[in-house]
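Data first, discussion second: the structure below is written as structure tokens.
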Amino acid sequence: MDSPFRSDALILGIESSCDDTSAAVLRGTRMLSNVIASQAVHMKYGGVIPELASRAHQQNIVPVVDTALKNAGVGVADLDAVAFTRGPGLLGSLLVGVSFSKGLAVANNIPLVEVNHLQGHILSHFIDMPDEELPHPSFPFLCLLVSGGHTQIVKVTAPLEMEIVGTTIDDAAGEAFDKCAKVMGLPYPGGPVIDRLAAQGDAGRFRFARPSVSGFDYSFSGLKTSFLYFLRDRMREDPGFIEANRADLCASLQKTIVDILLDKLVKAAGKFRIRDVAIAGGVSANSGLRGGVTAEGERRGWRTFLPPLKFTTDNAAMIAVTGYFRYQKGEFSSLSVAPEARIENMLTGA
Ligand code: KG4
Ligand code: ZN
């Protein structure tokens, strides 16, 4: 059925769920601009401090939106809708984007469209770039969603129809990277640092615990504990152990995490007989995971979809494209919509 809503709608997307303030403008699925202000303020604390994040969002949001509109060559009056992240994320951070979006929608008399941040990561595979055509997965496809807060295998049957078929029962993959990095004295966020150091290391040098969890679910807390105890024992014998073996530790740890992720993904693809396989979320930037998924794909005849690096971390273009799909179905939010820190159901709008 044809949508009564325009297919060339101009959508402003706003993302403020964690520590990046981002705004993007899309015409339909085509990206016209995508601006991200990252918050350096958290680095010295070794993690995101919610109160500081929300204050930084308040400072950043107006200039970020302004720049996104300017870069797209459009004015506020041209917008057809404003899409925003309703959750999951940090409540105080989400509130900044939600309030700003409401104000903009009221002032311009345009629809307000709430977006689930996790759906956004997955649908980042449908953003059309201004200058290059990226291939899109066909439905149904499987998406391994790996971020700082989530690790899920999602079966996607249509842009807004998704089902979680596997999820972590404890830590997320990004959390495993970040916590293990902290144990090694590496800065936050640890994932990219481990990735970089792993490139010079021997991934076969050390072995760490691998979980046995049923079905397509994941667990990373056993690995974290085994890594911690392993280092504690070695450091007792040799206080310089971490320093002397950093690259090998990173490479071995990264390989363990990637193997755990791929094992369930391969099983799920086999069970559902799905050959279009995507990855998304912050950890999808990991070079070991990208290489691993590509290699499995070649072995098993999958078409694999790796997001461009700029869409792996939080960005508003993915919120705008998800907002566009909802806009086309007329799924608008009322002005009483409130942010949600936790959202368990992939099928709900937010
Ligand atoms: O999706 P994201 O930007 O924020 C959340 O919604 O959580 O993901 C952030 C996570 C952090 O845990 C970070 O360490 C991890 O993504 N990450 C990486 C890499 N780049 C970011 N983990 C491993 N390797 C990377 N290259
Ligand atoms: Zn995210």
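Residue names in the structure tokens use chain letters A, B, ... in the order shown, residue numbers from 1 in each chain, and ligand numbers from 1 in the order shown.
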
Closest atom pairs, residues of chain A within 9 Å of ligand 2, only C-alpha atoms and all ligand atoms, as a Markdown table:
```
| residue | atom | partner | partner_atom_place_in_ligand_line | distance |
| --- | --- | --- | --- | --- |
| A:Ser17 | CA | ligand 2 | 1 (Zn) | 7.7 |
| A:Cys18 | CA | ligand 2 | 1 (Zn) | 7.7 |
| A:Pro88 | CA | ligand 2 | 1 (Zn) | 8.9 |
| A:Gly89 | CA | ligand 2 | 1 (Zn) | 8.4 |
| A:His117 | CA | ligand 2 | 1 (Zn) | 6.5 |
| A:Leu118 | CA | ligand 2 | 1 (Zn) | 6.8 |
| A:Gly120 | CA | ligand 2 | 1 (Zn) | 8.3 |
| A:His121 | CA | ligand 2 | 1 (Zn) | 6.5 |
| A:Val146 | CA | ligand 2 | 1 (Zn) | 8.6 |
| A:Ser147 | CA | ligand 2 | 1 (Zn) | 5.9 |
| A:Gly148 | CA | ligand 2 | 1 (Zn) | 7.1 |
| A:Gly149 | CA | ligand 2 | 1 (Zn) | 7.7 |
| A:His150 | CA | ligand 2 | 1 (Zn) | 8.5 |
| A:Ala280 | CA | ligand 2 | 1 (Zn) | 9.0 |
| A:Gly281 | CA | ligand 2 | 1 (Zn) | 5.6 |
| A:Gly282 | CA | ligand 2 | 1 (Zn) | 6.2 |
| A:Thr312 | CA | ligand 2 | 1 (Zn) | 8.0 |
| A:Thr313 | CA | ligand 2 | 1 (Zn) | 6.0 |
| A:Asp314 | CA | ligand 2 | 1 (Zn) | 4.7 |
| A:Asn315 | CA | ligand 2 | 1 (Zn) | 8.0 |
```

Restricting it to N, CA and C atoms, dump the selection as a PDB file, in the first residue's frame.
```pdb
ATOM      1  N   SER A  17      21.517   9.860  23.423  1.00  0.00           N
ATOM      2  CA  SER A  17      21.255   8.821  24.421  1.00  0.00           C
ATOM      3  C   SER A  17      22.410   8.595  25.394  1.00  0.00           C
ATOM      4  N   CYS A  18      23.631   8.919  24.965  1.00  0.00           N
ATOM      5  CA  CYS A  18      24.770   8.635  25.850  1.00  0.00           C
ATOM      6  C   CYS A  18      25.700   9.836  25.903  1.00  0.00           C
ATOM      7  N   PRO A  88      16.795   3.146  24.363  1.00  0.00           N
ATOM      8  CA  PRO A  88      17.326   3.200  25.728  1.00  0.00           C
ATOM      9  C   PRO A  88      18.560   4.090  25.815  1.00  0.00           C
ATOM     10  N   GLY A  89      18.882   4.496  27.042  1.00  0.00           N
ATOM     11  CA  GLY A  89      20.043   5.347  27.245  1.00  0.00           C
ATOM     12  C   GLY A  89      19.984   5.994  28.613  1.00  0.00           C
ATOM     13  N   HIS A 117      16.711   3.555  19.899  1.00  0.00           N
ATOM     14  CA  HIS A 117      18.138   3.677  19.557  1.00  0.00           C
ATOM     15  C   HIS A 117      18.689   2.385  18.925  1.00  0.00           C
ATOM     16  N   LEU A 118      18.218   1.243  19.414  1.00  0.00           N
ATOM     17  CA  LEU A 118      18.747  -0.037  18.914  1.00  0.00           C
ATOM     18  C   LEU A 118      18.262  -0.312  17.499  1.00  0.00           C
ATOM     19  N   GLY A 120      17.687   1.982  15.507  1.00  0.00           N
ATOM     20  CA  GLY A 120      18.504   2.939  14.753  1.00  0.00           C
ATOM     21  C   GLY A 120      19.825   2.311  14.324  1.00  0.00           C
ATOM     22  N   HIS A 121      20.535   1.671  15.269  1.00  0.00           N
ATOM     23  CA  HIS A 121      21.811   1.031  14.908  1.00  0.00           C
ATOM     24  C   HIS A 121      21.593   0.045  13.755  1.00  0.00           C
ATOM     25  N   VAL A 146      25.957  -5.084  18.509  1.00  0.00           N
ATOM     26  CA  VAL A 146      26.956  -5.130  19.586  1.00  0.00           C
ATOM     27  C   VAL A 146      27.364  -3.720  19.983  1.00  0.00           C
ATOM     28  N   SER A 147      26.964  -3.325  21.188  1.00  0.00           N
ATOM     29  CA  SER A 147      27.313  -1.964  21.619  1.00  0.00           C
ATOM     30  C   SER A 147      27.809  -2.011  23.052  1.00  0.00           C
ATOM     31  N   GLY A 148      27.925  -0.826  23.661  1.00  0.00           N
ATOM     32  CA  GLY A 148      28.396  -0.777  25.038  1.00  0.00           C
ATOM     33  C   GLY A 148      27.369  -1.335  26.009  1.00  0.00           C
ATOM     34  N   GLY A 149      26.100  -1.285  25.637  1.00  0.00           N
ATOM     35  CA  GLY A 149      25.048  -1.722  26.544  1.00  0.00           C
ATOM     36  C   GLY A 149      24.281  -2.941  26.076  1.00  0.00           C
ATOM     37  N   HIS A 150      24.453  -3.355  24.814  1.00  0.00           N
ATOM     38  CA  HIS A 150      23.638  -4.441  24.273  1.00  0.00           C
ATOM     39  C   HIS A 150      24.446  -5.408  23.421  1.00  0.00           C
ATOM     40  N   ALA A 280      26.113  -4.300  13.631  1.00  0.00           N
ATOM     41  CA  ALA A 280      25.850  -2.885  13.909  1.00  0.00           C
ATOM     42  C   ALA A 280      26.198  -2.578  15.357  1.00  0.00           C
ATOM     43  N   GLY A 281      26.320  -1.286  15.666  1.00  0.00           N
ATOM     44  CA  GLY A 281      26.640  -0.863  17.031  1.00  0.00           C
ATOM     45  C   GLY A 281      28.127  -0.565  17.178  1.00  0.00           C
ATOM     46  N   GLY A 282      28.482   0.047  18.301  1.00  0.00           N
ATOM     47  CA  GLY A 282      29.857   0.506  18.518  1.00  0.00           C
ATOM     48  C   GLY A 282      30.916  -0.559  18.279  1.00  0.00           C
ATOM     49  N   THR A 312      29.080   3.232  12.933  1.00  0.00           N
ATOM     50  CA  THR A 312      29.135   2.198  13.970  1.00  0.00           C
ATOM     51  C   THR A 312      28.818   2.806  15.335  1.00  0.00           C
ATOM     52  N   THR A 313      29.373   3.986  15.600  1.00  0.00           N
ATOM     53  CA  THR A 313      29.096   4.618  16.892  1.00  0.00           C
ATOM     54  C   THR A 313      27.823   5.462  16.785  1.00  0.00           C
ATOM     55  N   ASP A 314      27.415   6.001  17.918  1.00  0.00           N
ATOM     56  CA  ASP A 314      26.133   6.711  17.956  1.00  0.00           C
ATOM     57  C   ASP A 314      26.127   7.905  17.008  1.00  0.00           C
ATOM     58  N   ASN A 315      25.066   8.005  16.224  1.00  0.00           N
ATOM     59  CA  ASN A 315      24.951   9.099  15.262  1.00  0.00           C
ATOM     60  C   ASN A 315      23.468   9.349  14.995  1.00  0.00           C
TER      61      ASN A 315
END
```

Exercise: Ile274 of chain A partners within 12 Å, only C-alpha atoms, chain neighbours under 4 positions left out, as a list in words:
Pro137, Ser138, Phe139, Pro140, Phe141, Leu142, Cys143, Val154, Lys155, Val156, Thr157, Leu265, Val266, Lys267, Ala268, Ala269, Gly270, Ala278, Gly297, Arg300, Gly301, Trp302, Arg303 and Thr304 of chain A

Save the residues we just selected, N, CA, C and O atoms, as an mmCIF file, in the first residue's frame?
```
data_model
loop_
_atom_site.group_PDB
_atom_site.id
_atom_site.type_symbol
_atom_site.label_atom_id
_atom_site.label_comp_id
_atom_site.auth_asym_id
_atom_site.auth_seq_id
_atom_site.Cartn_x
_atom_site.Cartn_y
_atom_site.Cartn_z
ATOM 1 N N PRO A 137 20.973 -4.785 3.055
ATOM 2 C CA PRO A 137 20.550 -6.180 3.237
ATOM 3 C C PRO A 137 19.115 -6.373 2.741
ATOM 4 O O PRO A 137 18.321 -5.442 2.761
ATOM 5 N N SER A 138 18.809 -7.590 2.288
ATOM 6 C CA SER A 138 17.421 -7.917 1.911
ATOM 7 C C SER A 138 16.744 -8.573 3.102
ATOM 8 O O SER A 138 17.398 -9.217 3.923
ATOM 9 N N PHE A 139 15.429 -8.445 3.168
ATOM 10 C CA PHE A 139 14.669 -9.041 4.281
ATOM 11 C C PHE A 139 14.308 -10.478 3.956
ATOM 12 O O PHE A 139 14.019 -10.773 2.792
ATOM 13 N N PRO A 140 14.314 -11.379 4.910
ATOM 14 C CA PRO A 140 14.765 -11.164 6.283
ATOM 15 C C PRO A 140 16.290 -11.251 6.359
ATOM 16 O O PRO A 140 16.917 -12.002 5.623
ATOM 17 N N PHE A 141 16.860 -10.475 7.280
ATOM 18 C CA PHE A 141 18.302 -10.613 7.520
ATOM 19 C C PHE A 141 18.544 -10.696 9.020
ATOM 20 O O PHE A 141 17.652 -10.384 9.821
ATOM 21 N N LEU A 142 19.739 -11.165 9.367
ATOM 22 C CA LEU A 142 20.118 -11.225 10.780
ATOM 23 C C LEU A 142 21.070 -10.083 11.058
ATOM 24 O O LEU A 142 21.938 -9.790 10.225
ATOM 25 N N CYS A 143 20.912 -9.455 12.193
ATOM 26 C CA CYS A 143 21.857 -8.405 12.577
ATOM 27 C C CYS A 143 22.423 -8.718 13.959
ATOM 28 O O CYS A 143 21.674 -8.930 14.906
ATOM 29 N N VAL A 154 19.437 -10.152 16.144
ATOM 30 C CA VAL A 154 18.095 -9.682 15.815
ATOM 31 C C VAL A 154 17.719 -10.168 14.417
ATOM 32 O O VAL A 154 18.509 -10.042 13.478
ATOM 33 N N LYS A 155 16.517 -10.743 14.323
ATOM 34 C CA LYS A 155 15.994 -11.149 13.021
ATOM 35 C C LYS A 155 15.116 -10.004 12.529
ATOM 36 O O LYS A 155 14.156 -9.610 13.196
ATOM 37 N N VAL A 156 15.476 -9.478 11.371
ATOM 38 C CA VAL A 156 14.777 -8.294 10.852
ATOM 39 C C VAL A 156 13.966 -8.713 9.625
ATOM 40 O O VAL A 156 14.528 -9.128 8.611
ATOM 41 N N THR A 157 12.644 -8.620 9.719
ATOM 42 C CA THR A 157 11.798 -9.073 8.611
ATOM 43 C C THR A 157 11.271 -7.915 7.761
ATOM 44 O O THR A 157 10.817 -8.132 6.637
ATOM 45 N N LEU A 265 26.194 -16.416 16.183
ATOM 46 C CA LEU A 265 25.692 -15.815 14.945
ATOM 47 C C LEU A 265 25.617 -16.877 13.840
ATOM 48 O O LEU A 265 24.616 -16.968 13.111
ATOM 49 N N VAL A 266 26.649 -17.699 13.757
ATOM 50 C CA VAL A 266 26.684 -18.772 12.747
ATOM 51 C C VAL A 266 25.547 -19.759 13.014
ATOM 52 O O VAL A 266 24.824 -20.175 12.086
ATOM 53 N N LYS A 267 25.357 -20.106 14.290
ATOM 54 C CA LYS A 267 24.279 -21.057 14.635
ATOM 55 C C LYS A 267 22.910 -20.478 14.275
ATOM 56 O O LYS A 267 22.051 -21.175 13.734
ATOM 57 N N ALA A 268 22.710 -19.198 14.580
ATOM 58 C CA ALA A 268 21.407 -18.570 14.294
ATOM 59 C C ALA A 268 21.166 -18.497 12.789
ATOM 60 O O ALA A 268 20.055 -18.783 12.314
ATOM 61 N N ALA A 269 22.199 -18.143 12.032
ATOM 62 C CA ALA A 269 22.038 -18.046 10.569
ATOM 63 C C ALA A 269 21.667 -19.412 10.001
ATOM 64 O O ALA A 269 20.836 -19.521 9.091
ATOM 65 N N GLY A 270 22.267 -20.483 10.564
ATOM 66 C CA GLY A 270 21.955 -21.838 10.109
ATOM 67 C C GLY A 270 20.521 -22.213 10.455
ATOM 68 O O GLY A 270 19.772 -22.706 9.602
ATOM 69 N N ALA A 278 24.249 -8.939 8.925
ATOM 70 C CA ALA A 278 24.812 -7.602 9.164
ATOM 71 C C ALA A 278 25.331 -7.504 10.593
ATOM 72 O O ALA A 278 24.947 -8.304 11.452
ATOM 73 N N GLY A 297 31.344 -15.363 6.367
ATOM 74 C CA GLY A 297 30.464 -15.133 5.235
ATOM 75 C C GLY A 297 30.987 -15.809 3.978
ATOM 76 O O GLY A 297 30.224 -16.441 3.232
ATOM 77 N N ARG A 300 30.506 -19.541 4.257
ATOM 78 C CA ARG A 300 29.132 -20.059 4.302
ATOM 79 C C ARG A 300 28.209 -19.490 3.234
ATOM 80 O O ARG A 300 27.011 -19.741 3.252
ATOM 81 N N GLY A 301 28.751 -18.664 2.350
ATOM 82 C CA GLY A 301 27.932 -18.113 1.275
ATOM 83 C C GLY A 301 26.956 -17.046 1.728
ATOM 84 O O GLY A 301 25.901 -16.856 1.139
ATOM 85 N N TRP A 302 27.330 -16.329 2.810
ATOM 86 C CA TRP A 302 26.487 -15.215 3.249
ATOM 87 C C TRP A 302 26.802 -13.985 2.392
ATOM 88 O O TRP A 302 27.898 -13.872 1.851
ATOM 89 N N ARG A 303 25.834 -13.059 2.351
ATOM 90 C CA ARG A 303 26.170 -11.687 1.968
ATOM 91 C C ARG A 303 26.333 -10.960 3.293
ATOM 92 O O ARG A 303 25.415 -10.945 4.116
ATOM 93 N N THR A 304 27.508 -10.399 3.533
ATOM 94 C CA THR A 304 27.741 -9.742 4.825
ATOM 95 C C THR A 304 27.701 -8.225 4.656
ATOM 96 O O THR A 304 28.126 -7.694 3.631
#
```

Backbone DSSP call of helix (DSSP H, G or I) for segment 4-121 of chain A, listed as a VMD selection string
chain A and resid 40 to 45 50 to 72 76 to 78 91 to 108 117 to 121

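The environment of Ile49 of chain A within 12 Å, counting only C-alpha atoms and disregarding residues fewer than 5 places along the same chain, consists of Cys18, Asp19, Gln39, Ala40, Val41, His42, Met43, Lys44, Ser54, Arg55, Ala56, Leu90, Gly92 and Ser93 of chain A.
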
Can I get the selection written as a compact mmCIF listing (two decimals), in the first residue's frame, with N, CA and C atoms?
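This is the output file out-v3.txt:
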```txt
# COMPACT_ATOMS: atom_id res chain seq x y z
N CYS A 18 23.63 8.92 24.97
CA CYS A 18 24.77 8.63 25.85
C CYS A 18 25.70 9.84 25.90
N ASP A 19 26.87 9.74 25.29
CA ASP A 19 27.82 10.85 25.42
C ASP A 19 28.13 11.53 24.09
N GLN A 39 31.84 14.01 23.55
CA GLN A 39 32.14 14.66 24.83
C GLN A 39 33.44 14.13 25.41
N ALA A 40 34.47 14.96 25.38
CA ALA A 40 35.78 14.53 25.89
C ALA A 40 35.80 14.55 27.42
N VAL A 41 34.82 15.22 28.02
CA VAL A 41 34.82 15.45 29.46
C VAL A 41 34.90 14.16 30.28
N HIS A 42 34.42 13.02 29.73
CA HIS A 42 34.35 11.78 30.52
C HIS A 42 35.67 11.02 30.59
N MET A 43 36.58 11.33 29.66
CA MET A 43 37.78 10.50 29.55
C MET A 43 38.55 10.39 30.85
N LYS A 44 38.68 11.52 31.54
CA LYS A 44 39.50 11.48 32.76
C LYS A 44 38.83 10.71 33.90
N SER A 54 24.64 15.02 30.48
CA SER A 54 23.42 15.76 30.19
C SER A 54 23.71 17.27 30.09
N ARG A 55 24.64 17.76 30.91
CA ARG A 55 25.00 19.17 30.81
C ARG A 55 25.68 19.48 29.47
N ALA A 56 26.55 18.57 29.04
CA ALA A 56 27.24 18.80 27.76
C ALA A 56 26.23 18.76 26.60
N LEU A 90 20.79 7.01 28.80
CA LEU A 90 20.82 7.73 30.08
C LEU A 90 19.67 8.72 30.11
N GLY A 92 18.90 11.46 31.78
CA GLY A 92 19.18 12.90 31.72
C GLY A 92 19.65 13.33 30.34
N SER A 93 20.37 12.45 29.66
CA SER A 93 20.86 12.75 28.31
C SER A 93 19.71 12.70 27.32
```

Contact residues around Ile14 of chain A with only C-alpha atoms at 6 Å, ignoring same-chain residues under 2 positions, as a ChimeraX atom specification:
/A:22-23,84,316

May I have the residues from that selection written out with N, CA, C and O atoms, as a CSV table (one decimal), in the first residue's frame?
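Result saved to selection08.csv:
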```
chain,number,residue,atom,x,y,z
A,22,SER,N,24.2,14.4,18.6
A,22,SER,CA,24.3,14.4,17.1
A,22,SER,C,23.0,14.8,16.5
A,22,SER,O,21.9,14.6,17.0
A,23,ALA,N,23.1,15.5,15.3
A,23,ALA,CA,21.9,15.9,14.6
A,23,ALA,C,22.2,15.6,13.1
A,23,ALA,O,23.4,15.7,12.6
A,84,PHE,N,13.6,11.6,17.1
A,84,PHE,CA,14.6,11.7,18.2
A,84,PHE,C,14.7,10.4,18.9
A,84,PHE,O,13.8,9.5,18.8
A,316,ALA,N,23.2,10.6,14.5
A,316,ALA,CA,21.7,10.9,14.3
A,316,ALA,C,21.2,10.5,13.0
A,316,ALA,O,20.0,10.4,12.8
```

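Coordinates place atom 23 (C, counted along the ligand's line) of ligand 1 at a distance of 19.8 Å from atom CA of Gly166 of chain A.
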
Which polymer residues have any atom within 9 Å of an atom of Arg196 of chain A, counting only C-alpha atoms, with same-chain residues fewer than 4 positions away left out, as a list in words?
Gly191, Pro192, Gln200, Ala247, Cys250 and Ser287 of chain A

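Pairwise distance (atom CA of Gly201 of chain A, atom CA of Val213 of chain A) equals 28.6 Å.
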
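Of the residues under consideration (A:Thr21, A:Gly330, A:Gly47, A:Val74), A:Gly47 shows the shortest atom-to-atom contact distance to Tyr188 of chain A when counting only C-alpha atoms.
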
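Shell of segment 28-34 of chain A at 6 Å, with only C-alpha atoms counted and residues fewer than 6 places along the chain excluded, is Ser7, Asp8, Ala9, Ala68, Asn71, Ala72, Ile127, Asp128, Met129, Ala317 and Val321 of chain A.
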
May I have the selected residues written with all heavy atoms, as a PDB file, in the first residue's frame?
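Written out: again10.pdb:
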```pdb
ATOM      1  N   SER A   7       7.670  10.466   0.145  1.00  0.00           N
ATOM      2  CA  SER A   7       8.860   9.608   0.154  1.00  0.00           C
ATOM      3  C   SER A   7      10.136  10.449   0.102  1.00  0.00           C
ATOM      4  O   SER A   7      11.226   9.942   0.315  1.00  0.00           O
ATOM      5  CB  SER A   7       8.828   8.643  -1.022  1.00  0.00           C
ATOM      6  OG  SER A   7       8.831   9.389  -2.209  1.00  0.00           O
ATOM      7  N   ASP A   8       9.979  11.752  -0.193  1.00  0.00           N
ATOM      8  CA  ASP A   8      11.170  12.609  -0.190  1.00  0.00           C
ATOM      9  C   ASP A   8      11.137  13.547   1.015  1.00  0.00           C
ATOM     10  O   ASP A   8      11.686  14.650   0.988  1.00  0.00           O
ATOM     11  CB  ASP A   8      11.251  13.410  -1.494  1.00  0.00           C
ATOM     12  CG  ASP A   8      10.064  14.359  -1.642  1.00  0.00           C
ATOM     13  OD1 ASP A   8       9.074  14.184  -0.900  1.00  0.00           O
ATOM     14  OD2 ASP A   8      10.140  15.270  -2.485  1.00  0.00           O
ATOM     15  N   ALA A   9      10.483  13.078   2.080  1.00  0.00           N
ATOM     16  CA  ALA A   9      10.338  13.915   3.277  1.00  0.00           C
ATOM     17  C   ALA A   9      11.703  14.317   3.826  1.00  0.00           C
ATOM     18  O   ALA A   9      12.665  13.537   3.776  1.00  0.00           O
ATOM     19  CB  ALA A   9       9.560  13.148   4.342  1.00  0.00           C
ATOM     20  N   ALA A  68      23.971  21.055  11.443  1.00  0.00           N
ATOM     21  CA  ALA A  68      23.401  19.991  10.590  1.00  0.00           C
ATOM     22  C   ALA A  68      22.490  20.600   9.529  1.00  0.00           C
ATOM     23  O   ALA A  68      22.517  20.193   8.357  1.00  0.00           O
ATOM     24  CB  ALA A  68      22.635  18.983  11.451  1.00  0.00           C
ATOM     25  N   ASN A  71      24.757  22.509   7.000  1.00  0.00           N
ATOM     26  CA  ASN A  71      25.483  21.580   6.121  1.00  0.00           C
ATOM     27  C   ASN A  71      24.568  20.944   5.088  1.00  0.00           C
ATOM     28  O   ASN A  71      24.988  20.601   3.989  1.00  0.00           O
ATOM     29  CB  ASN A  71      26.162  20.469   6.946  1.00  0.00           C
ATOM     30  CG  ASN A  71      27.324  20.987   7.767  1.00  0.00           C
ATOM     31  OD1 ASN A  71      27.659  22.176   7.692  1.00  0.00           O
ATOM     32  ND2 ASN A  71      27.944  20.120   8.554  1.00  0.00           N
ATOM     33  N   ALA A  72      23.292  20.781   5.465  1.00  0.00           N
ATOM     34  CA  ALA A  72      22.336  20.172   4.527  1.00  0.00           C
ATOM     35  C   ALA A  72      21.786  21.208   3.554  1.00  0.00           C
ATOM     36  O   ALA A  72      21.137  20.865   2.570  1.00  0.00           O
ATOM     37  CB  ALA A  72      21.189  19.534   5.308  1.00  0.00           C
ATOM     38  N   ILE A 127      20.878   3.758   5.325  1.00  0.00           N
ATOM     39  CA  ILE A 127      21.189   5.162   5.016  1.00  0.00           C
ATOM     40  C   ILE A 127      21.850   5.201   3.639  1.00  0.00           C
ATOM     41  O   ILE A 127      22.801   4.465   3.383  1.00  0.00           O
ATOM     42  CB  ILE A 127      22.164   5.753   6.067  1.00  0.00           C
ATOM     43  CG1 ILE A 127      21.557   5.677   7.478  1.00  0.00           C
ATOM     44  CG2 ILE A 127      22.529   7.191   5.707  1.00  0.00           C
ATOM     45  CD1 ILE A 127      22.557   5.972   8.591  1.00  0.00           C
ATOM     46  N   ASP A 128      21.330   6.042   2.761  1.00  0.00           N
ATOM     47  CA  ASP A 128      21.974   6.236   1.460  1.00  0.00           C
ATOM     48  C   ASP A 128      22.907   7.422   1.553  1.00  0.00           C
ATOM     49  O   ASP A 128      22.515   8.495   2.004  1.00  0.00           O
ATOM     50  CB  ASP A 128      20.917   6.469   0.373  1.00  0.00           C
ATOM     51  CG  ASP A 128      20.171   5.188   0.057  1.00  0.00           C
ATOM     52  OD1 ASP A 128      20.846   4.170  -0.190  1.00  0.00           O
ATOM     53  OD2 ASP A 128      18.927   5.192   0.086  1.00  0.00           O
ATOM     54  N   MET A 129      24.137   7.203   1.124  1.00  0.00           N
ATOM     55  CA  MET A 129      25.132   8.266   1.200  1.00  0.00           C
ATOM     56  C   MET A 129      24.969   9.204   0.015  1.00  0.00           C
ATOM     57  O   MET A 129      24.487   8.798  -1.047  1.00  0.00           O
ATOM     58  CB  MET A 129      26.536   7.657   1.183  1.00  0.00           C
ATOM     59  CG  MET A 129      26.761   6.666   2.296  1.00  0.00           C
ATOM     60  SD  MET A 129      26.541   7.437   3.880  1.00  0.00           S
ATOM     61  CE  MET A 129      27.992   8.471   3.884  1.00  0.00           C
ATOM     62  N   ALA A 317      22.135  10.153  12.020  1.00  0.00           N
ATOM     63  CA  ALA A 317      21.658   9.722  10.692  1.00  0.00           C
ATOM     64  C   ALA A 317      20.840   8.436  10.838  1.00  0.00           C
ATOM     65  O   ALA A 317      19.805   8.256  10.187  1.00  0.00           O
ATOM     66  CB  ALA A 317      22.842   9.508   9.750  1.00  0.00           C
ATOM     67  N   VAL A 321      16.937   7.988   9.735  1.00  0.00           N
ATOM     68  CA  VAL A 321      16.464   6.999   8.750  1.00  0.00           C
ATOM     69  C   VAL A 321      15.367   6.127   9.372  1.00  0.00           C
ATOM     70  O   VAL A 321      14.361   5.797   8.724  1.00  0.00           O
ATOM     71  CB  VAL A 321      17.634   6.165   8.147  1.00  0.00           C
ATOM     72  CG1 VAL A 321      18.085   5.043   9.062  1.00  0.00           C
ATOM     73  CG2 VAL A 321      17.238   5.598   6.793  1.00  0.00           C
TER      74      VAL A 321
END
```

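Atom pair atom CA of Leu145 of chain A / atom CA of Ile122 of chain A: separated by 7.0 Å.
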
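The residue set within 8 Å of Ala83 of chain A, counting only C-alpha atoms and dropping same-chain residues fewer than 3 places from it, reads Ile11, Leu12, Gly13, Ile14, Ser101, Leu112, Val113, Glu114, Val115, Ile319, Ala320, Gly323 and Tyr324 of chain A.
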
Which residue gives the smallest distance to Phe5 of chain A among A:Ala285, A:Val62, A:Phe100, A:Pro111, with only C-alpha atoms counted?
A:Pro111

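Remark: for Gly46 of chain A, the closest of the candidate residues A:Val277, A:Asn116, A:Lys182, A:Leu262 is A:Lys182 (distances computed over only C-alpha atoms).
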
Give the strand (DSSP E or B) residues of segment 66-183 of chain A, as assigned by DSSP on the backbone, as a ChimeraX atom specification.
/A:81-87,112-116,128,141-146,151-158,161-168

Nearest to Val193 of chain A among A:Leu160, A:Asp171, A:His57, A:Gln254, with distances taken over only C-alpha atoms: which residue is it?
A:Gln254

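Of the residues listed (A:Glu133, A:Glu15, A:Asp195, A:Asp78), A:Asp195 shows the shortest atom-to-atom separation from ligand 1; distances use only C-alpha atoms and all ligand atoms.
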